[in-house]
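Colleague: Take this structure, written in structure tokens, and hold onto it; I'll ask about it next.
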Amino acid sequence: MTVKQMSVFLENTPGKMAEFTDLLYKNNIDMRALSLAEAEDFGIVRLIVNDVYTTSTVLKDAGYVFSITKVIAVGMPDEPGALSKVLKCLGAEGVNVEYMYAFLTKKENLAYMIFRVQDNEKAVEVLGRNGFRPLCQDDLKGI
């Protein structure tokens, strides 16, 4: 139960992010989640999209350098303490979160997080045992 995250390298100059998002728009690619990390000369855009294959093709044709990584997407109650419960479950079982970011949906009363961990299978098992159901790639079409 993982989703595919695309990590795209962008030059850290004015307008590059707008150029990138315009490319997605012109190709009808819907972003479900996005995180931007920067360094001095470049940025890494991490995103979850509705169609990984089309996005890969579009990015490759446009000359972007990118990679695809399996990550965990988890829905949780949209209430104080929900994220803490998820993190405590993972930490208690020795699952380290390398990074995470949130995303929004149209569904009410749920918050969603993307987690990058070293062992996806263990994280999925721990989360499931504790009442949290990670999403699969097909689930993203319905949210």
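Identifiers for the structure tokens are assigned positionally: chains receive A, B, ... in sequence, residues are indexed from 1 per chain, and ligands are indexed from 1 in the order shown.
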Give me the residues near Thr2 in chain A as a list in words, where near means some atom within 6 Å (using only C-alpha atoms) and where sequence neighbours in that chain fewer than 2 positions away do not count.
Modeller: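 Close residues of Thr2 in chain A: Lys70, Val71, Ile72 and Cys136 of chain A.
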Colleague: List the neighbours of range 10-27 of chain A out to 8 Å using only C-alpha atoms; skip same-chain residues closer than 5 positions along the sequence, and give me the result as a compact mmCIF listing (two decimals) with all heavy atoms, in the first residue's frame.
Modeller:
# COMPACT_ATOMS: atom_id res chain seq x y z
N GLU A 38 14.77 23.34 -0.95
CA GLU A 38 15.74 24.08 -1.76
C GLU A 38 17.15 23.94 -1.24
O GLU A 38 17.38 23.68 -0.08
CB GLU A 38 15.33 25.55 -1.85
CG GLU A 38 15.09 26.24 -0.52
CD GLU A 38 16.33 26.79 0.14
OE1 GLU A 38 17.33 27.09 -0.54
OE2 GLU A 38 16.29 26.91 1.36
N ALA A 39 18.05 24.11 -2.18
CA ALA A 39 19.47 24.24 -1.89
C ALA A 39 19.90 25.52 -2.60
O ALA A 39 19.08 26.21 -3.19
CB ALA A 39 20.24 23.02 -2.40
N GLU A 40 21.17 25.83 -2.57
CA GLU A 40 21.62 27.10 -3.14
C GLU A 40 21.34 27.22 -4.64
O GLU A 40 20.87 28.24 -5.12
CB GLU A 40 23.11 27.30 -2.87
CG GLU A 40 23.59 28.69 -3.27
CD GLU A 40 25.03 28.92 -2.87
OE1 GLU A 40 25.45 28.42 -1.82
OE2 GLU A 40 25.72 29.62 -3.63
N ASP A 41 21.62 26.16 -5.38
CA ASP A 41 21.51 26.25 -6.83
C ASP A 41 20.32 25.50 -7.44
O ASP A 41 20.03 25.66 -8.60
CB ASP A 41 22.79 25.71 -7.48
CG ASP A 41 24.01 26.54 -7.11
OD1 ASP A 41 23.86 27.77 -6.99
OD2 ASP A 41 25.09 25.96 -6.94
N PHE A 42 19.68 24.64 -6.64
CA PHE A 42 18.59 23.85 -7.20
C PHE A 42 17.56 23.56 -6.11
O PHE A 42 17.82 23.74 -4.92
CB PHE A 42 19.10 22.54 -7.81
CG PHE A 42 19.66 21.59 -6.78
CD1 PHE A 42 18.86 20.62 -6.19
CD2 PHE A 42 21.00 21.66 -6.40
CE1 PHE A 42 19.38 19.76 -5.23
CE2 PHE A 42 21.52 20.80 -5.45
CZ PHE A 42 20.71 19.84 -4.87
N GLY A 43 16.41 23.14 -6.55
CA GLY A 43 15.35 22.73 -5.64
C GLY A 43 14.90 21.33 -5.99
O GLY A 43 15.11 20.86 -7.12
N ILE A 44 14.31 20.66 -5.04
CA ILE A 44 13.72 19.35 -5.28
C ILE A 44 12.23 19.48 -5.01
O ILE A 44 11.82 19.78 -3.90
CB ILE A 44 14.33 18.26 -4.38
CG1 ILE A 44 15.82 18.14 -4.63
CG2 ILE A 44 13.62 16.92 -4.64
CD1 ILE A 44 16.53 17.21 -3.67
N VAL A 45 11.45 19.28 -6.05
CA VAL A 45 10.00 19.29 -5.93
C VAL A 45 9.56 17.84 -5.77
O VAL A 45 9.81 17.02 -6.65
CB VAL A 45 9.33 19.90 -7.19
CG1 VAL A 45 7.82 19.87 -7.05
CG2 VAL A 45 9.83 21.30 -7.43
N THR A 55 2.75 11.89 -16.39
CA THR A 55 3.66 12.89 -15.83
C THR A 55 5.10 12.53 -16.16
O THR A 55 5.89 13.41 -16.56
CB THR A 55 3.47 13.01 -14.31
OG1 THR A 55 2.09 13.26 -14.04
CG2 THR A 55 4.32 14.12 -13.74
N VAL A 58 5.72 13.40 -19.84
CA VAL A 58 5.76 14.84 -20.04
C VAL A 58 7.08 15.42 -19.52
O VAL A 58 7.74 16.22 -20.20
CB VAL A 58 4.55 15.51 -19.36
CG1 VAL A 58 4.72 17.02 -19.24
CG2 VAL A 58 3.26 15.16 -20.10
N TYR A 64 13.31 17.36 -17.98
CA TYR A 64 13.49 17.42 -16.53
C TYR A 64 14.17 16.15 -16.02
O TYR A 64 13.96 15.05 -16.56
CB TYR A 64 12.14 17.56 -15.82
CG TYR A 64 11.56 18.94 -15.90
CD1 TYR A 64 10.68 19.29 -16.92
CD2 TYR A 64 11.91 19.92 -14.97
CE1 TYR A 64 10.14 20.56 -17.01
CE2 TYR A 64 11.38 21.20 -15.05
CZ TYR A 64 10.50 21.51 -16.07
OH TYR A 64 9.97 22.76 -16.15
Colleague: Which is closest to Ala92 in chain A among A:Asn50, A:Ser35, A:Gln5, A:Asn130, if we use only C-alpha atoms?
Modeller: A:Asn130
Colleague: When you count only C-alpha atoms, which of these residues is closest to Leu83 in chain A: A:Asp119, A:Thr69, A:Tyr101, A:Ile143?
Modeller: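 Selected residue with least distance to Leu83 in chain A: A:Tyr101.
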Colleague: Enumerate, as a PyMOL selection string, the complete set of residues in range 7-118 of chain A that a backbone-based DSSP assignment places in strand (DSSP E or B).
Modeller: chain A and resi 7-11+31-38+42-49+65-77+97-103+110-117
Colleague: Do you know which residues are at most 8 Å from Met113 in chain A counting only C-alpha atoms, after dropping those on the same chain fewer than 2 positions away, and could you put them as number ranges by chain?
Modeller: A: 73-75, 100-103, 111, 115
Colleague: Excluding Gly142 in chain A and its own-chain neighbours fewer than 2 positions away, which residues fall within 12 Å of it when counting only C-alpha atoms? Please give them as a PyMOL selection string.
Modeller: chain A and resi 32+50+105-107+135-140
Colleague: Those residues with all heavy atoms, as a PDB file, in the first residue's frame please?
Modeller:
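Below is the file that was written, out.pdb:
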ATOM      1  N   ARG A  32      -1.720  16.092  -6.369  1.00  0.00           N
ATOM      2  CA  ARG A  32      -2.422  15.765  -5.129  1.00  0.00           C
ATOM      3  C   ARG A  32      -1.665  16.323  -3.928  1.00  0.00           C
ATOM      4  O   ARG A  32      -2.257  16.683  -2.934  1.00  0.00           O
ATOM      5  CB  ARG A  32      -2.581  14.261  -4.975  1.00  0.00           C
ATOM      6  CG  ARG A  32      -3.386  13.604  -6.062  1.00  0.00           C
ATOM      7  CD  ARG A  32      -4.842  14.012  -5.944  1.00  0.00           C
ATOM      8  NE  ARG A  32      -5.654  13.183  -6.792  1.00  0.00           N
ATOM      9  CZ  ARG A  32      -6.449  13.661  -7.734  1.00  0.00           C
ATOM     10  NH1 ARG A  32      -6.511  14.950  -7.942  1.00  0.00           N
ATOM     11  NH2 ARG A  32      -7.164  12.854  -8.477  1.00  0.00           N
ATOM     12  N   ASN A  50      -1.970  12.604 -10.138  1.00  0.00           N
ATOM     13  CA  ASN A  50      -3.054  11.694 -10.481  1.00  0.00           C
ATOM     14  C   ASN A  50      -2.624  10.632 -11.498  1.00  0.00           C
ATOM     15  O   ASN A  50      -3.212   9.553 -11.528  1.00  0.00           O
ATOM     16  CB  ASN A  50      -4.258  12.478 -11.021  1.00  0.00           C
ATOM     17  CG  ASN A  50      -3.943  13.221 -12.314  1.00  0.00           C
ATOM     18  OD1 ASN A  50      -2.837  13.706 -12.527  1.00  0.00           O
ATOM     19  ND2 ASN A  50      -4.931  13.328 -13.187  1.00  0.00           N
ATOM     20  N   THR A 105      -7.502  17.332   0.646  1.00  0.00           N
ATOM     21  CA  THR A 105      -8.467  16.706  -0.245  1.00  0.00           C
ATOM     22  C   THR A 105      -9.813  17.381  -0.039  1.00  0.00           C
ATOM     23  O   THR A 105      -9.963  18.220   0.840  1.00  0.00           O
ATOM     24  CB  THR A 105      -8.625  15.195   0.048  1.00  0.00           C
ATOM     25  OG1 THR A 105      -9.286  15.046   1.304  1.00  0.00           O
ATOM     26  CG2 THR A 105      -7.301  14.485   0.044  1.00  0.00           C
ATOM     27  N   LYS A 106     -10.760  16.962  -0.814  1.00  0.00           N
ATOM     28  CA  LYS A 106     -12.107  17.491  -0.683  1.00  0.00           C
ATOM     29  C   LYS A 106     -12.908  16.734   0.381  1.00  0.00           C
ATOM     30  O   LYS A 106     -14.001  17.136   0.729  1.00  0.00           O
ATOM     31  CB  LYS A 106     -12.814  17.432  -2.027  1.00  0.00           C
ATOM     32  CG  LYS A 106     -12.145  18.324  -3.067  1.00  0.00           C
ATOM     33  CD  LYS A 106     -12.738  18.138  -4.435  1.00  0.00           C
ATOM     34  CE  LYS A 106     -11.906  18.928  -5.438  1.00  0.00           C
ATOM     35  NZ  LYS A 106     -12.193  18.596  -6.792  1.00  0.00           N
ATOM     36  N   LYS A 107     -12.368  15.623   0.870  1.00  0.00           N
ATOM     37  CA  LYS A 107     -13.066  14.855   1.898  1.00  0.00           C
ATOM     38  C   LYS A 107     -13.001  15.596   3.226  1.00  0.00           C
ATOM     39  O   LYS A 107     -11.945  16.068   3.632  1.00  0.00           O
ATOM     40  CB  LYS A 107     -12.451  13.467   2.052  1.00  0.00           C
ATOM     41  CG  LYS A 107     -12.735  12.556   0.891  1.00  0.00           C
ATOM     42  CD  LYS A 107     -12.281  11.157   1.190  1.00  0.00           C
ATOM     43  CE  LYS A 107     -12.685  10.223   0.072  1.00  0.00           C
ATOM     44  NZ  LYS A 107     -12.370   8.845   0.362  1.00  0.00           N
ATOM     45  N   LEU A 135      -2.934   4.536   1.844  1.00  0.00           N
ATOM     46  CA  LEU A 135      -3.560   4.560   0.530  1.00  0.00           C
ATOM     47  C   LEU A 135      -2.681   3.848  -0.492  1.00  0.00           C
ATOM     48  O   LEU A 135      -1.460   3.776  -0.336  1.00  0.00           O
ATOM     49  CB  LEU A 135      -3.748   6.005   0.070  1.00  0.00           C
ATOM     50  CG  LEU A 135      -4.538   6.938   0.983  1.00  0.00           C
ATOM     51  CD1 LEU A 135      -4.506   8.355   0.424  1.00  0.00           C
ATOM     52  CD2 LEU A 135      -5.949   6.463   1.168  1.00  0.00           C
ATOM     53  N   CYS A 136      -3.310   3.364  -1.540  1.00  0.00           N
ATOM     54  CA  CYS A 136      -2.558   2.857  -2.689  1.00  0.00           C
ATOM     55  C   CYS A 136      -2.716   3.869  -3.814  1.00  0.00           C
ATOM     56  O   CYS A 136      -3.511   4.810  -3.728  1.00  0.00           O
ATOM     57  CB  CYS A 136      -3.038   1.473  -3.092  1.00  0.00           C
ATOM     58  SG  CYS A 136      -4.694   1.417  -3.780  1.00  0.00           S
ATOM     59  N   GLN A 137      -1.990   3.690  -4.881  1.00  0.00           N
ATOM     60  CA  GLN A 137      -1.998   4.640  -5.991  1.00  0.00           C
ATOM     61  C   GLN A 137      -3.416   4.852  -6.544  1.00  0.00           C
ATOM     62  O   GLN A 137      -3.806   5.981  -6.836  1.00  0.00           O
ATOM     63  CB  GLN A 137      -1.052   4.164  -7.100  1.00  0.00           C
ATOM     64  CG  GLN A 137      -0.710   5.213  -8.120  1.00  0.00           C
ATOM     65  CD  GLN A 137       0.177   6.324  -7.575  1.00  0.00           C
ATOM     66  OE1 GLN A 137       1.053   6.085  -6.769  1.00  0.00           O
ATOM     67  NE2 GLN A 137      -0.055   7.535  -8.034  1.00  0.00           N
ATOM     68  N   ASP A 138      -4.190   3.791  -6.663  1.00  0.00           N
ATOM     69  CA  ASP A 138      -5.556   3.916  -7.200  1.00  0.00           C
ATOM     70  C   ASP A 138      -6.465   4.734  -6.285  1.00  0.00           C
ATOM     71  O   ASP A 138      -7.415   5.362  -6.759  1.00  0.00           O
ATOM     72  CB  ASP A 138      -6.165   2.551  -7.444  1.00  0.00           C
ATOM     73  CG  ASP A 138      -5.582   1.861  -8.672  1.00  0.00           C
ATOM     74  OD1 ASP A 138      -4.983   2.553  -9.529  1.00  0.00           O
ATOM     75  OD2 ASP A 138      -5.712   0.640  -8.791  1.00  0.00           O
ATOM     76  N   ASP A 139      -6.207   4.726  -4.977  1.00  0.00           N
ATOM     77  CA  ASP A 139      -7.021   5.511  -4.050  1.00  0.00           C
ATOM     78  C   ASP A 139      -6.933   7.007  -4.349  1.00  0.00           C
ATOM     79  O   ASP A 139      -7.863   7.755  -4.057  1.00  0.00           O
ATOM     80  CB  ASP A 139      -6.572   5.291  -2.597  1.00  0.00           C
ATOM     81  CG  ASP A 139      -6.864   3.892  -2.086  1.00  0.00           C
ATOM     82  OD1 ASP A 139      -7.831   3.256  -2.575  1.00  0.00           O
ATOM     83  OD2 ASP A 139      -6.129   3.432  -1.186  1.00  0.00           O
ATOM     84  N   LEU A 140      -5.829   7.440  -4.914  1.00  0.00           N
ATOM     85  CA  LEU A 140      -5.629   8.873  -5.177  1.00  0.00           C
ATOM     86  C   LEU A 140      -6.621   9.419  -6.199  1.00  0.00           C
ATOM     87  O   LEU A 140      -6.904  10.606  -6.228  1.00  0.00           O
ATOM     88  CB  LEU A 140      -4.206   9.141  -5.648  1.00  0.00           C
ATOM     89  CG  LEU A 140      -3.105   8.858  -4.630  1.00  0.00           C
ATOM     90  CD1 LEU A 140      -1.746   9.045  -5.272  1.00  0.00           C
ATOM     91  CD2 LEU A 140      -3.261   9.723  -3.396  1.00  0.00           C
TER      92      LEU A 140
END
Colleague: Any chance you could list, as a tab-separated table (two decimals) with all heavy atoms, in the first residue's frame, the residues in range 8-111 of chain A that come up helix (DSSP H, G or I) when DSSP is run on the backbone?
Modeller:
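Contents of result_36.tsv, freshly written:
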chain	number	residue	atom	x	y	z
A	16	LYS	N	11.18	29.42	-12.45
A	16	LYS	CA	11.31	28.00	-12.79
A	16	LYS	C	10.15	27.18	-12.23
A	16	LYS	O	9.67	26.25	-12.89
A	16	LYS	CB	12.64	27.42	-12.30
A	16	LYS	CG	13.82	27.92	-13.11
A	16	LYS	CD	13.71	27.48	-14.56
A	16	LYS	CE	14.89	27.98	-15.36
A	16	LYS	NZ	14.81	27.64	-16.76
A	17	MET	N	9.69	27.49	-11.02
A	17	MET	CA	8.57	26.75	-10.44
A	17	MET	C	7.29	27.04	-11.23
A	17	MET	O	6.50	26.13	-11.49
A	17	MET	CB	8.42	27.10	-8.96
A	17	MET	CG	7.42	26.23	-8.24
A	17	MET	SD	8.01	24.53	-8.13
A	17	MET	CE	6.62	23.80	-7.33
A	18	ALA	N	7.10	28.28	-11.64
A	18	ALA	CA	5.94	28.64	-12.45
A	18	ALA	C	5.97	27.91	-13.79
A	18	ALA	O	4.95	27.40	-14.27
A	18	ALA	CB	5.87	30.15	-12.66
A	19	GLU	N	7.14	27.84	-14.38
A	19	GLU	CA	7.32	27.13	-15.65
A	19	GLU	C	6.97	25.66	-15.49
A	19	GLU	O	6.28	25.07	-16.33
A	19	GLU	CB	8.78	27.29	-16.09
A	19	GLU	CG	9.15	26.69	-17.40
A	19	GLU	CD	10.63	26.91	-17.68
A	19	GLU	OE1	11.05	28.08	-17.86
A	19	GLU	OE2	11.38	25.91	-17.70
A	20	PHE	N	7.42	25.07	-14.39
A	20	PHE	CA	7.16	23.66	-14.11
A	20	PHE	C	5.66	23.40	-13.92
A	20	PHE	O	5.10	22.49	-14.53
A	20	PHE	CB	7.95	23.24	-12.86
A	20	PHE	CG	7.64	21.86	-12.39
A	20	PHE	CD1	8.08	20.75	-13.09
A	20	PHE	CD2	6.89	21.66	-11.24
A	20	PHE	CE1	7.78	19.46	-12.65
A	20	PHE	CE2	6.59	20.39	-10.79
A	20	PHE	CZ	7.04	19.28	-11.50
A	21	THR	N	5.02	24.21	-13.08
A	21	THR	CA	3.60	23.99	-12.82
A	21	THR	C	2.75	24.28	-14.05
A	21	THR	O	1.71	23.65	-14.27
A	21	THR	CB	3.10	24.80	-11.61
A	21	THR	OG1	3.37	26.19	-11.82
A	21	THR	CG2	3.76	24.32	-10.32
A	22	ASP	N	3.20	25.20	-14.89
A	22	ASP	CA	2.49	25.48	-16.14
A	22	ASP	C	2.55	24.28	-17.07
A	22	ASP	O	1.57	23.95	-17.75
A	22	ASP	CB	3.08	26.72	-16.81
A	22	ASP	CG	2.18	27.26	-17.90
A	22	ASP	OD1	0.96	27.40	-17.64
A	22	ASP	OD2	2.69	27.54	-19.00
A	23	LEU	N	3.69	23.59	-17.10
A	23	LEU	CA	3.81	22.37	-17.90
A	23	LEU	C	2.80	21.32	-17.44
A	23	LEU	O	2.14	20.67	-18.26
A	23	LEU	CB	5.24	21.83	-17.81
A	23	LEU	CG	5.50	20.52	-18.56
A	23	LEU	CD1	5.42	20.73	-20.07
A	23	LEU	CD2	6.87	19.96	-18.17
A	24	LEU	N	2.68	21.17	-16.13
A	24	LEU	CA	1.71	20.20	-15.59
A	24	LEU	C	0.29	20.62	-15.99
A	24	LEU	O	-0.51	19.79	-16.44
A	24	LEU	CB	1.83	20.11	-14.08
A	24	LEU	CG	3.18	19.63	-13.53
A	24	LEU	CD1	3.14	19.58	-12.01
A	24	LEU	CD2	3.59	18.29	-14.10
A	25	TYR	N	-0.01	21.89	-15.83
A	25	TYR	CA	-1.34	22.41	-16.18
A	25	TYR	C	-1.67	22.16	-17.66
A	25	TYR	O	-2.75	21.66	-17.99
A	25	TYR	CB	-1.40	23.91	-15.85
A	25	TYR	CG	-2.52	24.65	-16.53
A	25	TYR	CD1	-3.85	24.41	-16.18
A	25	TYR	CD2	-2.24	25.58	-17.52
A	25	TYR	CE1	-4.88	25.09	-16.81
A	25	TYR	CE2	-3.27	26.26	-18.15
A	25	TYR	CZ	-4.58	26.01	-17.80
A	25	TYR	OH	-5.60	26.68	-18.43
A	26	LYS	N	-0.74	22.47	-18.53
A	26	LYS	CA	-0.99	22.32	-19.96
A	26	LYS	C	-1.18	20.86	-20.37
A	26	LYS	O	-1.74	20.59	-21.44
A	26	LYS	CB	0.16	22.94	-20.77
A	26	LYS	CG	0.15	24.45	-20.73
A	26	LYS	CD	1.32	25.03	-21.47
A	26	LYS	CE	1.26	26.56	-21.44
A	26	LYS	NZ	2.43	27.17	-22.07
A	52	VAL	N	0.94	9.02	-12.88
A	52	VAL	CA	2.41	8.96	-12.85
A	52	VAL	C	2.99	8.71	-14.24
A	52	VAL	O	3.98	9.32	-14.62
A	52	VAL	CB	2.90	7.88	-11.85
A	52	VAL	CG1	4.41	7.74	-11.89
A	52	VAL	CG2	2.43	8.22	-10.44
A	53	TYR	N	2.37	7.84	-15.01
A	53	TYR	CA	2.90	7.52	-16.34
A	53	TYR	C	2.92	8.75	-17.25
A	53	TYR	O	3.93	9.08	-17.86
A	53	TYR	CB	2.10	6.38	-16.99
A	53	TYR	CG	2.59	6.09	-18.38
A	53	TYR	CD1	3.75	5.34	-18.59
A	53	TYR	CD2	1.92	6.58	-19.51
A	53	TYR	CE1	4.22	5.09	-19.87
A	53	TYR	CE2	2.38	6.33	-20.79
A	53	TYR	CZ	3.54	5.58	-20.95
A	53	TYR	OH	4.02	5.34	-22.23
A	54	THR	N	1.78	9.44	-17.33
A	54	THR	CA	1.71	10.63	-18.18
A	54	THR	C	2.69	11.69	-17.70
A	54	THR	O	3.40	12.31	-18.50
A	54	THR	CB	0.27	11.20	-18.19
A	54	THR	OG1	-0.60	10.21	-18.75
A	54	THR	CG2	0.19	12.47	-19.01
A	55	THR	N	2.75	11.89	-16.39
A	55	THR	CA	3.66	12.89	-15.83
A	55	THR	C	5.10	12.53	-16.16
A	55	THR	O	5.89	13.41	-16.56
A	55	THR	CB	3.47	13.01	-14.31
A	55	THR	OG1	2.09	13.26	-14.04
A	55	THR	CG2	4.32	14.12	-13.74
A	56	SER	N	5.46	11.28	-16.04
A	56	SER	CA	6.82	10.85	-16.37
A	56	SER	C	7.16	11.15	-17.83
A	56	SER	O	8.25	11.65	-18.14
A	56	SER	CB	6.98	9.34	-16.14
A	56	SER	OG	6.83	9.01	-14.80
A	57	THR	N	6.23	10.85	-18.70
A	57	THR	CA	6.44	11.09	-20.13
A	57	THR	C	6.60	12.58	-20.42
A	57	THR	O	7.51	13.00	-21.14
A	57	THR	CB	5.26	10.52	-20.94
A	57	THR	OG1	5.16	9.12	-20.65
A	57	THR	CG2	5.46	10.71	-22.42
A	58	VAL	N	5.72	13.40	-19.84
A	58	VAL	CA	5.76	14.84	-20.04
A	58	VAL	C	7.08	15.42	-19.52
A	58	VAL	O	7.74	16.22	-20.20
A	58	VAL	CB	4.55	15.51	-19.36
A	58	VAL	CG1	4.72	17.02	-19.24
A	58	VAL	CG2	3.26	15.16	-20.10
A	59	LEU	N	7.48	15.02	-18.32
A	59	LEU	CA	8.72	15.54	-17.74
A	59	LEU	C	9.94	15.11	-18.54
A	59	LEU	O	10.85	15.91	-18.77
A	59	LEU	CB	8.85	15.10	-16.29
A	59	LEU	CG	7.83	15.67	-15.31
A	59	LEU	CD1	8.06	15.12	-13.90
A	59	LEU	CD2	7.85	17.19	-15.30
A	60	LYS	N	9.96	13.86	-18.97
A	60	LYS	CA	11.09	13.37	-19.76
A	60	LYS	C	11.19	14.13	-21.08
A	60	LYS	O	12.27	14.58	-21.47
A	60	LYS	CB	10.93	11.87	-20.03
A	60	LYS	CG	12.08	11.27	-20.78
A	60	LYS	CD	11.91	9.78	-20.97
A	60	LYS	CE	13.05	9.22	-21.78
A	60	LYS	NZ	12.85	7.81	-22.12
A	61	ASP	N	10.05	14.30	-21.74
A	61	ASP	CA	10.05	15.02	-23.03
A	61	ASP	C	10.49	16.48	-22.87
A	61	ASP	O	11.06	17.06	-23.80
A	61	ASP	CB	8.66	14.96	-23.67
A	61	ASP	CG	8.30	13.57	-24.18
A	61	ASP	OD1	9.19	12.70	-24.25
A	61	ASP	OD2	7.11	13.36	-24.48
A	82	ALA	N	-3.86	13.74	16.09
A	82	ALA	CA	-3.90	12.60	15.17
A	82	ALA	C	-2.52	12.28	14.61
A	82	ALA	O	-2.12	11.11	14.57
A	82	ALA	CB	-4.90	12.86	14.05
A	83	LEU	N	-1.80	13.30	14.18
A	83	LEU	CA	-0.45	13.06	13.65
A	83	LEU	C	0.46	12.49	14.72
A	83	LEU	O	1.25	11.58	14.46
A	83	LEU	CB	0.14	14.36	13.07
A	83	LEU	CG	1.57	14.27	12.53
A	83	LEU	CD1	1.67	13.21	11.43
A	83	LEU	CD2	2.02	15.63	12.03
A	84	SER	N	0.34	12.98	15.92
A	84	SER	CA	1.14	12.47	17.03
A	84	SER	C	0.90	10.98	17.24
A	84	SER	O	1.84	10.21	17.47
A	84	SER	CB	0.82	13.25	18.31
A	84	SER	OG	1.59	12.76	19.38
A	85	LYS	N	-0.35	10.55	17.13
A	85	LYS	CA	-0.67	9.11	17.29
A	85	LYS	C	0.01	8.28	16.22
A	85	LYS	O	0.56	7.22	16.51
A	85	LYS	CB	-2.19	8.91	17.24
A	85	LYS	CG	-2.92	9.42	18.45
A	85	LYS	CD	-4.42	9.27	18.29
A	85	LYS	CE	-5.15	9.95	19.43
A	85	LYS	NZ	-6.61	9.96	19.24
A	86	VAL	N	-0.04	8.76	14.99
A	86	VAL	CA	0.60	8.03	13.89
A	86	VAL	C	2.11	7.94	14.13
A	86	VAL	O	2.71	6.87	14.01
A	86	VAL	CB	0.31	8.70	12.53
A	86	VAL	CG1	1.15	8.08	11.42
A	86	VAL	CG2	-1.17	8.61	12.19
A	87	LEU	N	2.72	9.06	14.47
A	87	LEU	CA	4.17	9.08	14.69
A	87	LEU	C	4.59	8.22	15.88
A	87	LEU	O	5.63	7.56	15.84
A	87	LEU	CB	4.65	10.52	14.86
A	87	LEU	CG	4.52	11.39	13.62
A	87	LEU	CD1	4.82	12.85	13.95
A	87	LEU	CD2	5.41	10.89	12.49
A	88	LYS	N	3.78	8.19	16.93
A	88	LYS	CA	4.08	7.35	18.08
A	88	LYS	C	4.02	5.87	17.71
A	88	LYS	O	4.87	5.09	18.14
A	88	LYS	CB	3.11	7.63	19.23
A	88	LYS	CG	3.43	8.91	19.97
A	88	LYS	CD	2.43	9.14	21.09
A	88	LYS	CE	2.68	10.46	21.79
A	88	LYS	NZ	1.69	10.71	22.86
A	89	CYS	N	3.03	5.49	16.91
A	89	CYS	CA	2.93	4.09	16.46
A	89	CYS	C	4.18	3.68	15.68
A	89	CYS	O	4.74	2.61	15.93
A	89	CYS	CB	1.71	3.91	15.56
A	89	CYS	SG	0.12	4.07	16.35
A	90	LEU	N	4.58	4.53	14.76
A	90	LEU	CA	5.76	4.22	13.95
A	90	LEU	C	7.02	4.18	14.80
A	90	LEU	O	7.82	3.24	14.70
A	90	LEU	CB	5.91	5.25	12.82
A	90	LEU	CG	4.81	5.24	11.76
A	90	LEU	CD1	4.95	6.44	10.83
A	90	LEU	CD2	4.83	3.94	10.96
A	91	GLY	N	7.21	5.18	15.64
A	91	GLY	CA	8.41	5.26	16.47
A	91	GLY	C	8.52	4.10	17.44
A	91	GLY	O	9.62	3.57	17.67
A	92	ALA	N	7.40	3.69	18.01
A	92	ALA	CA	7.41	2.58	18.97
A	92	ALA	C	7.86	1.27	18.33
A	92	ALA	O	8.37	0.39	19.01
A	92	ALA	CB	6.02	2.41	19.59
